[in-house]
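Below is one structure, written out as structure tokens; comments come after it.
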Amino acid sequence: MRIVVIGVGAVGSRAARQLHGSLSPSSDDLAVVDVHGGRMEAVAASLGPPAHAAPWSPATFDGADVAVLCHGSSGDAHRVAAEAALERGAHVVSTSDALDDVVGLLALDAEARERGLSVVVGAGFSPGLSCLLARHAAAEFSSVAEVHVAKAGTGGPACARQHHAALAGEAVDWRDGAWVRRRAGSGRELCWFPDPVGGLDCYRAALPDALLLRPAFAELCAAGSTGPDRITARMSASRRDRVTVRLPMLRRPHAEGEIGAVRVEVRGRRGAATDALVLGAIDKPAVAAGAVAAVAALWAASGRLARPGAAGLAELVAEPVSFLRELADRGVRAAVFEGDPGVASSSL
């Protein structure tokens, strides 16, 4: 098996480490690529065989089974790299949570289907783990009315910059059968995350979660379920985040964020009753995102994804429990909220 990881910052280095533990030094190949040569060489040296540094070039994807895209969002960089990988017969896993990146990657669906390859879009903490939790929670309902996602925390500098940009854009929600755009930074809601994060004010932002979840629930509708009337996504933000959102970042982004969290609330009918189920997880966002990307890459390479084409994990993973168990084995665990909304218990 040959896997190429593009970008070895906070998320990419974690993804490479997770993949390294699943590969054979004698028969597999793990190429790490980064515009910062010193960082690339350092990551490859710390991992050891079969990891090695490789220069960026479309030819780097030659012979690759999977390309894992963890580089920052700049223009259409993720789509360009994905197209180069598809042309060379490689599956693609992207960790970007930028709205433009997700739209561009989803547009590759027809090409990926024609080639019999998968493009896993938004394979990170949120979207990514959040999509798996939503799909898992939906299985508990006879019909789903609403899905609400919230996240807190950032990974490395690229993630922090994307967080800043998302608060300056437009939020895209699914409401009553139509896409609705709202001003980012509006719609404050107190969301309870697993301890020790607790309750945080969350706001609308330019997040791609609804774009990835809506097609997944549309497929469930075809199987006899009822699709949600509302799919929304919010992110935590401080007062300073909201005040400075139209300005360049005033401080240098941290090397890696502190503990983060994700929360997924699904509402619908269970039998004759209306009910809600809330799932959550806490971890360093970069650590969790790296694990999700690594497992997604291994599933793509081994043919375990539900179908070829470009989509999020909620659509491409037919067995979310199996995926979540693999994440748990790697230290990324989810929990069900029970009783007090500020307390998470009962690990999945």
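Labeling convention for the structure tokens: chains A, B, ... as they appear, residues from 1 per chain, ligands from 1 in order of appearance.
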- Task: Write out as a count of residues only each polymer residue whose atoms come within 7 Å of segment 85-98 of chain A, counting only C-alpha atoms; drop sequence neighbours fewer than 6 positions from it.
- Result: 27
Using only C-alpha atoms, I'd like a table of the residues in segment 300-335 of chain A that come within 8 Å of segment 128-141 of chain A; for each, show the closest atom pair and its distance in Å rounded to one decimal, ordered by chain and ascending number, as a tab-separated table.
residue	atom	partner	partner_atom	distance
A:Gly312	CA	A:Gly128	CA	7.2
A:Leu313	CA	A:Cys131	CA	6.0
A:Ala314	CA	A:Cys131	CA	4.9
A:Val317	CA	A:Leu132	CA	7.7
A:Pro320	CA	A:Leu132	CA	5.8
A:Val321	CA	A:His136	CA	6.8
A:Leu324	CA	A:Leu132	CA	7.6
If you keep N, CA, C and O atoms, can you produce a file of those selected residues as a PDB file, in the first residue's frame?
ATOM      1  N   GLY A 312     -19.178  13.236   2.148  1.00  0.00           N
ATOM      2  CA  GLY A 312     -18.688  13.225   3.512  1.00  0.00           C
ATOM      3  C   GLY A 312     -18.781  11.844   4.122  1.00  0.00           C
ATOM      4  O   GLY A 312     -19.333  10.909   3.532  1.00  0.00           O
ATOM      5  N   LEU A 313     -18.268  11.713   5.331  1.00  0.00           N
ATOM      6  CA  LEU A 313     -18.237  10.405   5.983  1.00  0.00           C
ATOM      7  C   LEU A 313     -19.626   9.893   6.329  1.00  0.00           C
ATOM      8  O   LEU A 313     -19.849   8.680   6.366  1.00  0.00           O
ATOM      9  N   ALA A 314     -20.581  10.776   6.578  1.00  0.00           N
ATOM     10  CA  ALA A 314     -21.938  10.317   6.891  1.00  0.00           C
ATOM     11  C   ALA A 314     -22.542   9.564   5.720  1.00  0.00           C
ATOM     12  O   ALA A 314     -23.385   8.683   5.904  1.00  0.00           O
ATOM     13  N   VAL A 317     -19.729   6.125   4.877  1.00  0.00           N
ATOM     14  CA  VAL A 317     -19.532   5.069   5.881  1.00  0.00           C
ATOM     15  C   VAL A 317     -20.890   4.492   6.244  1.00  0.00           C
ATOM     16  O   VAL A 317     -21.687   5.116   6.944  1.00  0.00           O
ATOM     17  N   PRO A 320     -21.147   3.233  10.736  1.00  0.00           N
ATOM     18  CA  PRO A 320     -20.440   4.207  11.573  1.00  0.00           C
ATOM     19  C   PRO A 320     -19.926   3.635  12.883  1.00  0.00           C
ATOM     20  O   PRO A 320     -18.907   4.090  13.400  1.00  0.00           O
ATOM     21  N   VAL A 321     -20.605   2.623  13.434  1.00  0.00           N
ATOM     22  CA  VAL A 321     -20.152   2.049  14.703  1.00  0.00           C
ATOM     23  C   VAL A 321     -18.772   1.423  14.533  1.00  0.00           C
ATOM     24  O   VAL A 321     -17.895   1.572  15.392  1.00  0.00           O
ATOM     25  N   LEU A 324     -16.280   4.239  14.366  1.00  0.00           N
ATOM     26  CA  LEU A 324     -16.113   4.843  15.683  1.00  0.00           C
ATOM     27  C   LEU A 324     -15.306   3.944  16.619  1.00  0.00           C
ATOM     28  O   LEU A 324     -14.528   4.430  17.448  1.00  0.00           O
TER      29      LEU A 324
END
- Task: Using DSSP on the backbone coordinates, identify all residues within segment 181-324 of chain A classified as strand (DSSP E); present the result as a PyMOL selection string.
- Result: chain A and resi 181-183+189-193+198-204+230-236+260-270+273-283+309-311
- Fewer than 5 positions away in the same chain doesn't count, so skip those; otherwise give me all residues within 8 Å of segment 145-150 of chain A, counting only C-alpha atoms, as a list in words.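 With the cut-off at 8 Å, the set is Ser130, Ala134, Cys191, Cys202, Asp209, Thr226, Gly227, Pro228, Asp229, Arg230, Ile231, Thr232, Ala233, Arg234, Met235, Ser236, Val262, Arg263, Val264, Glu265, Val266, Arg267, Gly268 and Arg269 of chain A.
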- Message: Using only C-alpha atoms, can you tell me which of A:Ser27, A:Ser142, A:Ser57, A:Thr154 comes closest to Val11 of chain A?
- Response: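 Ranking A:Ser27, A:Ser142, A:Ser57, A:Thr154 by distance to Val11 of chain A, first place goes to A:Thr154.
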- Pick from A:Ala77, A:Ala82, A:Leu213, A:Ala334: nearest to Val278 of chain A, with only C-alpha atoms counted?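 Among A:Ala77, A:Ala82, A:Leu213, A:Ala334, it is A:Ala334 that comes nearest to Val278 of chain A.
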